[in-house]
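Chemist: Got structure26.cif for you, mmCIF, C-alpha atoms and all ligand atoms; chains and numbers go by the auth columns:
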data_input
#
loop_
_atom_site.group_PDB
_atom_site.id
_atom_site.type_symbol
_atom_site.label_atom_id
_atom_site.label_comp_id
_atom_site.label_asym_id
_atom_site.label_seq_id
_atom_site.Cartn_x
_atom_site.Cartn_y
_atom_site.Cartn_z
_atom_site.B_iso_or_equiv
_atom_site.auth_seq_id
_atom_site.auth_asym_id
ATOM 1 C CA MET A 1 -18.313 -12.444 -2.829 0.00 24 C
ATOM 2 C CA ASN A 2 -19.155 -8.914 -1.673 0.00 25 C
ATOM 3 C CA THR A 3 -16.683 -6.583 0.044 0.00 26 C
ATOM 4 C CA THR A 4 -17.913 -7.352 3.575 0.00 27 C
ATOM 5 C CA GLU A 5 -17.477 -11.085 2.959 0.00 28 C
ATOM 6 C CA THR A 6 -14.067 -10.545 1.348 0.00 29 C
ATOM 7 C CA ILE A 7 -12.891 -8.533 4.358 0.00 30 C
ATOM 8 C CA ALA A 8 -14.256 -11.182 6.758 0.00 31 C
ATOM 9 C CA ARG A 9 -12.422 -13.863 4.757 0.00 32 C
ATOM 10 C CA ILE A 10 -9.172 -11.869 4.974 0.00 33 C
ATOM 11 C CA GLN A 11 -9.604 -11.259 8.708 0.00 34 C
ATOM 12 C CA ALA A 12 -10.239 -14.989 9.223 0.00 35 C
ATOM 13 C CA LEU A 13 -6.782 -15.729 7.753 0.00 36 C
ATOM 14 C CA ARG A 14 -5.228 -14.365 10.935 0.00 37 C
ATOM 15 C CA GLY A 15 -3.189 -17.113 12.573 0.00 38 C
ATOM 16 C CA VAL A 16 -3.982 -19.510 9.693 0.00 39 C
ATOM 17 C CA ARG A 17 -1.618 -18.253 6.985 0.00 40 C
ATOM 18 C CA PRO A 18 0.061 -14.917 6.220 0.00 41 C
ATOM 19 C CA ILE A 19 -2.066 -12.321 4.402 0.00 42 C
ATOM 20 C CA ALA A 20 -0.440 -11.480 1.048 0.00 43 C
ATOM 21 C CA MET A 21 -0.784 -7.890 -0.113 0.00 44 C
ATOM 22 C CA LEU A 22 0.932 -6.321 -3.134 0.00 45 C
ATOM 23 C CA THR A 23 0.612 -2.977 -4.871 0.00 46 C
ATOM 24 C CA ALA A 24 -0.643 -2.570 -8.443 0.00 47 C
ATOM 25 C CA TYR A 25 -1.343 0.603 -10.365 0.00 48 C
ATOM 26 C CA ASP A 26 -2.587 -0.619 -13.762 0.00 49 C
ATOM 27 C CA TYR A 27 -4.903 -3.169 -15.380 0.00 50 C
ATOM 28 C CA PRO A 28 -2.458 -5.900 -16.516 0.00 51 C
ATOM 29 C CA THR A 29 -0.474 -5.987 -13.269 0.00 52 C
ATOM 30 C CA ALA A 30 -3.626 -6.017 -11.158 0.00 53 C
ATOM 31 C CA ARG A 31 -5.181 -8.778 -13.262 0.00 54 C
ATOM 32 C CA LEU A 32 -2.027 -10.882 -13.016 0.00 55 C
ATOM 33 C CA LEU A 33 -1.781 -10.450 -9.250 0.00 56 C
ATOM 34 C CA ASP A 34 -5.449 -11.283 -8.813 0.00 57 C
ATOM 35 C CA GLU A 35 -5.090 -14.412 -10.922 0.00 58 C
ATOM 36 C CA THR A 36 -2.064 -15.373 -8.789 0.00 59 C
ATOM 37 C CA GLY A 37 -4.254 -15.358 -5.679 0.00 60 C
ATOM 38 C CA VAL A 38 -2.990 -12.330 -3.771 0.00 61 C
ATOM 39 C CA ASP A 39 -5.422 -11.443 -0.946 0.00 62 C
ATOM 40 C CA ILE A 40 -5.236 -7.640 -1.135 0.00 63 C
ATOM 41 C CA ILE A 41 -4.203 -5.385 -4.023 0.00 64 C
ATOM 42 C CA LEU A 42 -3.205 -1.908 -2.909 0.00 65 C
ATOM 43 C CA VAL A 43 -3.305 1.023 -5.287 0.00 66 C
ATOM 44 C CA GLY A 44 -0.622 2.683 -3.203 0.00 67 C
ATOM 45 C CA ASP A 45 0.343 6.320 -3.395 0.00 68 C
ATOM 46 C CA SER A 46 3.834 4.835 -3.882 0.00 69 C
ATOM 47 C CA LEU A 47 2.789 5.209 -7.530 0.00 70 C
ATOM 48 C CA GLY A 48 4.091 8.754 -7.102 0.00 71 C
ATOM 49 C CA MET A 49 7.615 7.303 -7.157 0.00 72 C
ATOM 50 C CA VAL A 50 7.516 4.025 -9.085 0.00 73 C
ATOM 51 C CA VAL A 51 5.069 5.123 -11.801 0.00 74 C
ATOM 52 C CA MET A 52 5.159 8.920 -11.905 0.00 75 C
ATOM 53 C CA GLY A 53 8.823 9.594 -11.102 0.00 76 C
ATOM 54 C CA TYR A 54 8.308 11.950 -8.160 0.00 77 C
ATOM 55 C CA PRO A 55 10.743 11.816 -5.234 0.00 78 C
ATOM 56 C CA ASP A 56 8.036 10.915 -2.685 0.00 79 C
ATOM 57 C CA THR A 57 4.281 10.452 -2.205 0.00 80 C
ATOM 58 C CA THR A 58 3.527 14.082 -1.335 0.00 81 C
ATOM 59 C CA HIS A 59 2.955 14.940 -5.027 0.00 82 C
ATOM 60 C CA VAL A 60 0.118 12.470 -5.449 0.00 83 C
ATOM 61 C CA THR A 61 -3.399 13.877 -5.808 0.00 84 C
ATOM 62 C CA LEU A 62 -6.946 12.559 -5.667 0.00 85 C
ATOM 63 C CA PRO A 63 -7.309 12.584 -9.498 0.00 86 C
ATOM 64 C CA HIS A 64 -4.136 10.457 -9.768 0.00 87 C
ATOM 65 C CA MET A 65 -5.560 7.877 -7.358 0.00 88 C
ATOM 66 C CA ILE A 66 -8.946 7.869 -9.088 0.00 89 C
ATOM 67 C CA HIS A 67 -7.289 7.291 -12.475 0.00 90 C
ATOM 68 C CA HIS A 68 -5.232 4.327 -11.241 0.00 91 C
ATOM 69 C CA GLY A 69 -7.916 3.020 -8.877 0.00 92 C
ATOM 70 C CA GLU A 70 -10.293 2.634 -11.822 0.00 93 C
ATOM 71 C CA MET A 71 -7.694 0.685 -13.853 0.00 94 C
ATOM 72 C CA VAL A 72 -7.083 -1.739 -11.003 0.00 95 C
ATOM 73 C CA ALA A 73 -10.734 -2.152 -9.989 0.00 96 C
ATOM 74 C CA ARG A 74 -11.602 -2.999 -13.598 0.00 97 C
ATOM 75 C CA ALA A 75 -9.069 -5.864 -13.534 0.00 98 C
ATOM 76 C CA VAL A 76 -9.722 -7.515 -10.182 0.00 99 C
ATOM 77 C CA LYS A 77 -12.347 -10.216 -9.581 0.00 100 C
ATOM 78 C CA THR A 78 -11.348 -11.856 -6.291 0.00 101 C
ATOM 79 C CA ALA A 79 -8.856 -9.839 -4.244 0.00 102 C
ATOM 80 C CA LEU A 80 -9.797 -6.872 -2.080 0.00 103 C
ATOM 81 C CA VAL A 81 -8.809 -3.626 -3.811 0.00 104 C
ATOM 82 C CA VAL A 82 -7.656 -0.905 -1.413 0.00 105 C
ATOM 83 C CA VAL A 83 -6.904 2.621 -2.653 0.00 106 C
ATOM 84 C CA ASP A 84 -4.609 4.988 -0.760 0.00 107 C
ATOM 85 C CA MET A 85 -5.943 8.378 0.272 0.00 108 C
ATOM 86 C CA PRO A 86 -3.350 10.952 -0.848 0.00 109 C
ATOM 87 C CA ILE A 87 -1.870 13.583 1.444 0.00 110 C
ATOM 88 C CA HIS A 88 -4.214 16.462 2.381 0.00 111 C
ATOM 89 C CA THR A 89 -7.324 14.666 1.167 0.00 112 C
ATOM 90 C CA TYR A 90 -8.280 13.658 4.727 0.00 113 C
ATOM 91 C CA ASP A 91 -7.201 16.589 6.882 0.00 114 C
ATOM 92 C CA THR A 92 -10.629 16.716 8.600 0.00 115 C
ATOM 93 C CA PRO A 93 -13.231 13.951 9.118 0.00 116 C
ATOM 94 C CA ASP A 94 -15.629 15.697 6.695 0.00 117 C
ATOM 95 C CA GLN A 95 -12.977 15.997 3.998 0.00 118 C
ATOM 96 C CA ALA A 96 -11.993 12.360 4.645 0.00 119 C
ATOM 97 C CA VAL A 97 -15.556 11.175 4.009 0.00 120 C
ATOM 98 C CA LYS A 98 -15.848 13.221 0.817 0.00 121 C
ATOM 99 C CA SER A 99 -12.509 11.929 -0.532 0.00 122 C
ATOM 100 C CA ALA A 100 -13.227 8.335 0.513 0.00 123 C
ATOM 101 C CA ARG A 101 -16.594 8.424 -1.307 0.00 124 C
ATOM 102 C CA THR A 102 -14.825 9.597 -4.488 0.00 125 C
ATOM 103 C CA LEU A 103 -12.223 6.830 -4.188 0.00 126 C
ATOM 104 C CA ALA A 104 -14.813 4.141 -3.423 0.00 127 C
ATOM 105 C CA ALA A 105 -16.614 5.184 -6.626 0.00 128 C
ATOM 106 C CA THR A 106 -13.620 3.805 -8.591 0.00 129 C
ATOM 107 C CA GLY A 107 -14.913 0.336 -7.704 0.00 130 C
ATOM 108 C CA ALA A 108 -12.319 -0.257 -4.961 0.00 131 C
ATOM 109 C CA GLY A 109 -13.521 -2.102 -1.865 0.00 132 C
ATOM 110 C CA ALA A 110 -11.713 0.011 0.723 0.00 133 C
ATOM 111 C CA VAL A 111 -9.489 3.026 1.307 0.00 134 C
ATOM 112 C CA LYS A 112 -6.280 3.330 3.342 0.00 135 C
ATOM 113 C CA LEU A 113 -5.051 6.338 5.272 0.00 136 C
ATOM 114 C CA GLU A 114 -1.939 7.093 7.306 0.00 137 C
ATOM 115 C CA GLY A 115 -1.989 7.970 11.000 0.00 138 C
ATOM 116 C CA GLY A 116 -2.768 6.692 14.488 0.00 139 C
ATOM 117 C CA VAL A 117 -4.701 8.168 17.421 0.00 140 C
ATOM 118 C CA GLU A 118 -5.091 11.554 15.680 0.00 141 C
ATOM 119 C CA LYS A 119 -6.791 9.948 12.679 0.00 142 C
ATOM 120 C CA ALA A 120 -9.260 7.805 14.665 0.00 143 C
ATOM 121 C CA PRO A 121 -12.141 10.322 14.180 0.00 144 C
ATOM 122 C CA HIS A 122 -11.460 10.379 10.432 0.00 145 C
ATOM 123 C CA ILE A 123 -11.559 6.566 10.263 0.00 146 C
ATOM 124 C CA ALA A 124 -14.774 6.478 12.311 0.00 147 C
ATOM 125 C CA ALA A 125 -16.397 9.031 9.967 0.00 148 C
ATOM 126 C CA ILE A 126 -15.467 7.054 6.835 0.00 149 C
ATOM 127 C CA ARG A 127 -16.757 3.843 8.439 0.00 150 C
ATOM 128 C CA ALA A 128 -20.001 5.598 9.368 0.00 151 C
ATOM 129 C CA ALA A 129 -20.358 6.475 5.679 0.00 152 C
ATOM 130 C CA GLY A 130 -20.205 2.726 4.926 0.00 153 C
ATOM 131 C CA ILE A 131 -16.696 2.603 3.444 0.00 154 C
ATOM 132 C CA PRO A 132 -14.182 0.067 4.821 0.00 155 C
ATOM 133 C CA VAL A 133 -10.880 1.591 5.980 0.00 156 C
ATOM 134 C CA MET A 134 -7.406 0.142 6.352 0.00 157 C
ATOM 135 C CA GLY A 135 -5.087 1.959 8.766 0.00 158 C
ATOM 136 C CA HIS A 136 -1.357 2.617 8.348 0.00 159 C
ATOM 137 C CA ILE A 137 0.902 3.226 11.350 0.00 160 C
ATOM 138 C CA GLY A 138 4.632 3.308 12.080 0.00 161 C
ATOM 139 C CA LEU A 139 6.621 5.119 9.394 0.00 162 C
ATOM 140 C CA LEU A 140 4.189 7.366 7.512 0.00 163 C
ATOM 141 C CA PRO A 141 5.624 8.195 4.052 0.00 164 C
ATOM 142 C CA GLN A 142 3.343 11.229 3.693 0.00 165 C
ATOM 143 C CA LYS A 143 5.269 12.789 6.629 0.00 166 C
ATOM 144 C CA VAL A 144 8.651 12.518 4.872 0.00 167 C
ATOM 145 C CA LEU A 145 9.067 16.286 4.421 0.00 168 C
ATOM 146 C CA GLU A 146 7.840 17.095 7.947 0.00 169 C
ATOM 147 C CA GLU A 147 10.208 14.538 9.493 0.00 170 C
ATOM 148 C CA GLY A 148 13.144 15.228 7.170 0.00 171 C
ATOM 149 C CA GLY A 149 13.465 11.665 5.849 0.00 172 C
ATOM 150 C CA TYR A 150 12.331 8.099 6.407 0.00 173 C
ATOM 151 C CA LYS A 151 13.082 7.012 9.952 0.00 174 C
ATOM 152 C CA MET A 152 12.519 3.584 11.499 0.00 175 C
ATOM 153 C CA LYS A 153 9.818 3.734 14.208 0.00 176 C
ATOM 154 C CA GLY A 154 9.305 1.958 17.516 0.00 177 C
ATOM 155 C CA ARG A 155 12.936 1.970 18.586 0.00 178 C
ATOM 156 C CA SER A 156 12.386 3.605 21.988 0.00 179 C
ATOM 157 C CA GLU A 157 9.934 2.404 24.632 0.00 180 C
ATOM 158 C CA GLU A 158 8.131 5.755 24.316 0.00 181 C
ATOM 159 C CA GLU A 159 7.619 5.300 20.557 0.00 182 C
ATOM 160 C CA ALA A 160 6.552 1.684 21.053 0.00 183 C
ATOM 161 C CA ALA A 161 3.971 2.755 23.651 0.00 184 C
ATOM 162 C CA ALA A 162 2.608 5.404 21.249 0.00 185 C
ATOM 163 C CA LEU A 163 2.271 2.786 18.502 0.00 186 C
ATOM 164 C CA MET A 164 0.320 0.527 20.891 0.00 187 C
ATOM 165 C CA GLU A 165 -2.065 3.442 21.460 0.00 188 C
ATOM 166 C CA ASP A 166 -2.282 3.974 17.701 0.00 189 C
ATOM 167 C CA ILE A 167 -3.266 0.404 16.860 0.00 190 C
ATOM 168 C CA SER A 168 -5.885 0.314 19.633 0.00 191 C
ATOM 169 C CA ALA A 169 -7.358 3.673 18.546 0.00 192 C
ATOM 170 C CA ILE A 170 -7.636 2.904 14.840 0.00 193 C
ATOM 171 C CA ALA A 171 -9.068 -0.560 15.520 0.00 194 C
ATOM 172 C CA ALA A 172 -11.644 0.931 17.911 0.00 195 C
ATOM 173 C CA ALA A 173 -12.508 3.515 15.227 0.00 196 C
ATOM 174 C CA GLY A 174 -13.365 0.690 12.822 0.00 197 C
ATOM 175 C CA ALA A 175 -10.275 0.013 10.692 0.00 198 C
ATOM 176 C CA PHE A 176 -10.445 -3.612 9.483 0.00 199 C
ATOM 177 C CA ALA A 177 -6.642 -4.070 9.261 0.00 200 C
ATOM 178 C CA ALA A 178 -3.506 -1.945 9.485 0.00 201 C
ATOM 179 C CA VAL A 179 -0.209 -1.619 7.673 0.00 202 C
ATOM 180 C CA VAL A 180 2.729 -1.396 10.095 0.00 203 C
ATOM 181 C CA GLU A 181 5.592 0.225 8.198 0.00 204 C
ATOM 182 C CA CYS A 182 9.325 0.321 9.013 0.00 205 C
ATOM 183 C CA THR A 183 8.886 -0.461 12.680 0.00 206 C
ATOM 184 C CA LYS A 184 11.474 -2.266 14.804 0.00 207 C
ATOM 185 C CA GLY A 185 10.729 -6.006 14.580 0.00 208 C
ATOM 186 C CA SER A 186 10.200 -6.572 18.298 0.00 209 C
ATOM 187 C CA THR A 187 7.814 -3.595 18.443 0.00 210 C
ATOM 188 C CA ALA A 188 5.893 -4.801 15.380 0.00 211 C
ATOM 189 C CA ARG A 189 5.503 -8.166 17.113 0.00 212 C
ATOM 190 C CA ARG A 190 4.090 -6.455 20.210 0.00 213 C
ATOM 191 C CA ILE A 191 1.704 -4.395 18.067 0.00 214 C
ATOM 192 C CA THR A 192 0.450 -7.580 16.394 0.00 215 C
ATOM 193 C CA ALA A 193 -0.021 -9.308 19.754 0.00 216 C
ATOM 194 C CA ARG A 194 -1.990 -6.309 21.053 0.00 217 C
ATOM 195 C CA SER A 195 -3.962 -5.644 17.875 0.00 218 C
ATOM 196 C CA PRO A 196 -7.616 -6.682 17.582 0.00 219 C
ATOM 197 C CA ILE A 197 -7.289 -6.412 13.778 0.00 220 C
ATOM 198 C CA PRO A 198 -4.822 -8.027 11.356 0.00 221 C
ATOM 199 C CA THR A 199 -1.493 -6.259 10.935 0.00 222 C
ATOM 200 C CA ILE A 200 0.355 -6.186 7.625 0.00 223 C
ATOM 201 C CA GLY A 201 4.043 -5.411 7.867 0.00 224 C
ATOM 202 C CA ILE A 202 6.481 -3.747 5.497 0.00 225 C
ATOM 203 C CA GLY A 203 10.091 -3.194 6.489 0.00 226 C
ATOM 204 C CA ALA A 204 9.213 -4.509 9.960 0.00 227 C
ATOM 205 C CA GLY A 205 10.934 -7.894 9.723 0.00 228 C
ATOM 206 C CA HIS A 206 9.464 -11.226 8.679 0.00 229 C
ATOM 207 C CA GLY A 207 7.102 -13.060 10.989 0.00 230 C
ATOM 208 C CA THR A 208 6.220 -9.982 13.013 0.00 231 C
ATOM 209 C CA SER A 209 2.791 -9.270 11.471 0.00 232 C
ATOM 210 C CA ASP A 210 -0.259 -11.186 10.254 0.00 233 C
ATOM 211 C CA GLY A 211 0.744 -10.513 6.666 0.00 234 C
ATOM 212 C CA GLU A 212 3.179 -8.605 4.515 0.00 235 C
ATOM 213 C CA VAL A 213 2.919 -5.969 1.791 0.00 236 C
ATOM 214 C CA VAL A 214 5.500 -5.136 -0.864 0.00 237 C
ATOM 215 C CA VAL A 215 5.567 -2.628 -3.698 0.00 238 C
ATOM 216 C CA ILE A 216 5.321 -4.786 -6.842 0.00 239 C
ATOM 217 C CA HIS A 217 8.121 -2.912 -8.624 0.00 240 C
ATOM 218 C CA ASP A 218 10.467 -3.757 -5.724 0.00 241 C
ATOM 219 C CA LEU A 219 9.445 -7.421 -5.692 0.00 242 C
ATOM 220 C CA VAL A 220 10.004 -7.993 -9.414 0.00 243 C
ATOM 221 C CA GLY A 221 12.917 -5.603 -10.009 0.00 244 C
ATOM 222 C CA ALA A 222 10.948 -3.234 -12.211 0.00 245 C
ATOM 223 C CA PHE A 223 12.406 -0.029 -10.733 0.00 246 C
ATOM 224 C CA PRO A 224 16.149 -0.779 -10.781 0.00 247 C
ATOM 225 C CA TRP A 225 17.275 2.687 -9.702 0.00 248 C
ATOM 226 C CA PHE A 226 16.149 2.115 -6.121 0.00 249 C
ATOM 227 C CA THR A 227 15.172 -0.950 -4.102 0.00 250 C
ATOM 228 C CA PRO A 228 14.503 -0.675 -0.353 0.00 251 C
ATOM 229 C CA SER A 229 17.065 -2.608 1.694 0.00 252 C
ATOM 230 C CA PHE A 230 14.377 -4.796 3.287 0.00 253 C
ATOM 231 C CA VAL A 231 13.120 -6.202 -0.059 0.00 254 C
ATOM 232 C CA LYS A 232 14.629 -9.267 -1.706 0.00 255 C
ATOM 233 C CA PRO A 233 13.591 -9.007 -5.378 0.00 256 C
ATOM 234 C CA GLN A 234 12.317 -12.308 -6.804 0.00 257 C
ATOM 235 C CA ALA A 235 12.869 -11.287 -10.446 0.00 258 C
ATOM 236 C CA GLN A 236 14.720 -8.690 -12.537 0.00 259 C
ATOM 237 C CA VAL A 237 12.037 -7.532 -14.920 0.00 260 C
ATOM 238 C CA SER A 238 13.937 -4.384 -15.910 0.00 261 C
ATOM 239 C CA GLU A 239 16.816 -6.545 -17.202 0.00 262 C
ATOM 240 C CA GLU A 240 14.359 -8.683 -19.184 0.00 263 C
ATOM 241 C CA ILE A 241 12.844 -5.552 -20.753 0.00 264 C
ATOM 242 C CA ALA A 242 16.263 -4.107 -21.623 0.00 265 C
ATOM 243 C CA HIS A 243 17.312 -7.476 -23.119 0.00 266 C
ATOM 244 C CA ALA A 244 14.129 -7.732 -25.218 0.00 267 C
ATOM 245 C CA VAL A 245 14.530 -4.164 -26.494 0.00 268 C
ATOM 246 C CA ARG A 246 18.219 -4.671 -27.372 0.00 269 C
ATOM 247 C CA THR A 247 17.421 -7.946 -29.184 0.00 270 C
ATOM 248 C CA TRP A 248 14.539 -6.367 -31.128 0.00 271 C
ATOM 249 C CA LYS A 249 16.678 -3.342 -32.004 0.00 272 C
ATOM 250 C CA ALA A 250 19.594 -5.508 -33.179 0.00 273 C
ATOM 251 C CA HIS A 251 17.273 -7.347 -35.592 0.00 274 C
ATOM 252 C CA LEU A 252 15.777 -4.269 -37.251 0.00 275 C
ATOM 253 C CA THR A 253 16.482 -4.170 -41.004 0.00 276 C
ATOM 254 C CA LEU A 254 16.261 -1.516 -43.651 0.00 277 C
ATOM 255 C CA PRO A 255 14.251 -2.078 -46.853 0.00 278 C
ATOM 256 C CA SER A 256 16.414 -3.901 -49.444 0.00 279 C
HETATM 257 O O1 LIG B . 1.843 3.426 -1.032 0.00 301 S
HETATM 258 C C1 LIG B . 2.159 2.257 -0.767 0.00 301 S
HETATM 259 O O2 LIG B . 2.579 1.474 -1.621 0.00 301 S
HETATM 260 C C2 LIG B . 1.994 1.815 0.618 0.00 301 S
HETATM 261 C C3 LIG B . 2.664 0.535 1.003 0.00 301 S
HETATM 262 C C4 LIG B . 4.116 0.707 1.025 0.00 301 S
HETATM 263 C C5 LIG B . 2.135 0.009 2.268 0.00 301 S
HETATM 264 O O3 LIG B . 1.394 2.480 1.387 0.00 301 S
#
The structure in this file should be written as structure tokens.
Ligand code: KIV
Modeler:
Amino acid sequence: MNTTETIARIQALRGVRPIAMLTAYDYPTARLLDETGVDIILVGDSLGMVVMGYPDTTHVTLPHMIHHGEMVARAVKTALVVVDMPIHTYDTPDQAVKSARTLAATGAGAVKLEGGVEKAPHIAAIRAAGIPVMGHIGLLPQKVLEEGGYKMKGRSEEEAAALMEDISAIAAAGAFAAVVECTKGSTARRITARSPIPTIGIGAGHGTSDGEVVVIHDLVGAFPWFTPSFVKPQAQVSEEIAHAVRTWKAHLTLPS
């Protein structure tokens, strides 16, 4: 199946069953997720925190995303691979096209960028260059320093109205789907009802979007030092690793 068909298949899931999207940053995780039947695998710039140990995503660069995008693209046969565009790699439409071309060359099927109305020209330019784009509205992690923290969006009627404008603008610009992050549940529901493209929620309540996305480390308990309050881990991989290491260490023997 080519990328256009894969995207059409994902869009056709709307209203049929929830779209399942997870992050992956390396070959074995991506291969496992693909074999499990996840619809979309996101090489998120969240790798800045859960893989690279930075405090937020603002330290992530284009070479980082290329490096990890290649690992994931090499592993995936069926799912759509989406690679995040890091901060300041899409400040203008021209720069966005140049960066998106570099990221698409990893073998990924699409790129994702953060922003609403103000990023519509950037999305349109990337689409015109033939590269599929996923939008990302609501809480924008790349704005964490500007906004002084992570703040839930869509609480006031004014913010909700702005988000409605955002989803319409990025859909009109050619985004094929959009992440809606940390947005009040009732607002996320309204965005989904208004949206011409599938919405994929994170931290926006269950059943408010056409699908959901989770950072894989949060889902499987692989980054035990921090788990977002909205995630219910389904495993505790870090405990399994610690147990395996302790057991192995306890059985080491010296030469007799
Ligand atoms: O970087 C990331 O993992 C993301 C998801 C949280 C949507 O953008």
Chemist: Find the residues near region 218-220 of chain C: any atom within 9 Å, counting only C-alpha atoms, skip ones fewer than 6 places away on the same chain, and give them as a PyMOL selection string.
Modeler: chain C and resi 34+37+187+190-191+194-195+198-201
Chemist: Please return as a VMD selection string the residues found within 7 Å of ligand LIG 301 (chain S), counting all atoms listed in the file.
Modeler: chain C and resid 46 65 to 70 107 202 204 225 236 to 238
Chemist: Write out, as CSV, each residue of region 129-236 of chain C that has an atom at most 10 Å from region 83-90 of chain C, together with the closest pair of atoms and their distance in Å to one decimal, counting only C-alpha atoms, rows going by chain and rising number.
Modeler:
residue,atom,partner,partner_atom,distance
C:Thr129,CA,C:Ile89,CA,6.2
C:Gly130,CA,C:Ile89,CA,9.7
C:Ala131,CA,C:Ile89,CA,9.7
C:Gln165,CA,C:Val83,CA,9.8
Chemist: Taking into account all atoms listed in the file, which residue in the set C:Ala31, C:Ala273, C:Leu103, C:Met44 is nearest to Ile239 (chain C)?
Modeler: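 Residue with the minimum atom-to-atom distance to Ile239 (chain C): C:Met44.
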Chemist: Could you pull the residues within 6 Å of region 137-143 of chain C, counting only C-alpha atoms, minus those fewer than 6 positions along the same chain, as a PyMOL selection string?
Modeler: chain C and resi 159-160+189+192-193+196
Chemist: Could you pull the residues within 10 Å of region 182-185 of chain C, counting all atoms listed in the file, minus those fewer than 4 positions along the same chain, as a PDB file with C-alpha atoms, in the coordinates of the input?
Modeler:
ATOM      1  CA  GLY C 139      -2.768   6.692  14.488  1.00  0.00           C
ATOM      2  CA  VAL C 140      -4.701   8.168  17.421  1.00  0.00           C
ATOM      3  CA  GLY C 161       4.632   3.308  12.080  1.00  0.00           C
ATOM      4  CA  LYS C 176       9.818   3.734  14.208  1.00  0.00           C
ATOM      5  CA  GLY C 177       9.305   1.958  17.516  1.00  0.00           C
ATOM      6  CA  ARG C 178      12.936   1.970  18.586  1.00  0.00           C
ATOM      7  CA  ASP C 189      -2.282   3.974  17.701  1.00  0.00           C
ATOM      8  CA  ILE C 190      -3.266   0.404  16.860  1.00  0.00           C
ATOM      9  CA  THR C 206       8.886  -0.461  12.680  1.00  0.00           C
ATOM     10  CA  LYS C 207      11.474  -2.266  14.804  1.00  0.00           C
ATOM     11  CA  SER C 209      10.200  -6.572  18.298  1.00  0.00           C
ATOM     12  CA  THR C 210       7.814  -3.595  18.443  1.00  0.00           C
ATOM     13  CA  ALA C 211       5.893  -4.801  15.380  1.00  0.00           C
ATOM     14  CA  ARG C 213       4.090  -6.455  20.210  1.00  0.00           C
ATOM     15  CA  ILE C 214       1.704  -4.395  18.067  1.00  0.00           C
TER      16      ILE C 214
END
Chemist: Could you list, as a ChimeraX atom specification, every residue within 12 Å of Lys100 (chain C), counting all atoms listed in the file and ignoring same-chain residues fewer than 5 positions away?
Modeler: /C:24-26,29,50,53-64,95,130-132
Chemist: Can you list, as a list of chain:residue names, every protein, DNA or RNA residue that comes within 10 Å of region 262-272 of chain C when you count all atoms listed in the file, leaving out same-chain residues fewer than 6 positions away?
Modeler: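 Close residues of region 262-272 of chain C: C:Gly244, C:Ala245, C:Pro247.
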Chemist: Evaluating the PyMOL selection byres (((chain C and resi 116) around 8) and not hetatm) on the displayed file yields which residues, as a list in words?
Modeler: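 Taken over the shown coordinates, the PyMOL selection byres (((chain C and resi 116) around 8) and not hetatm) returns Tyr113, Asp114, Thr115, Asp117, Gln118, Ala119, Val120, Pro144, His145, Ile146, Ala148 and Ile149 of chain C.
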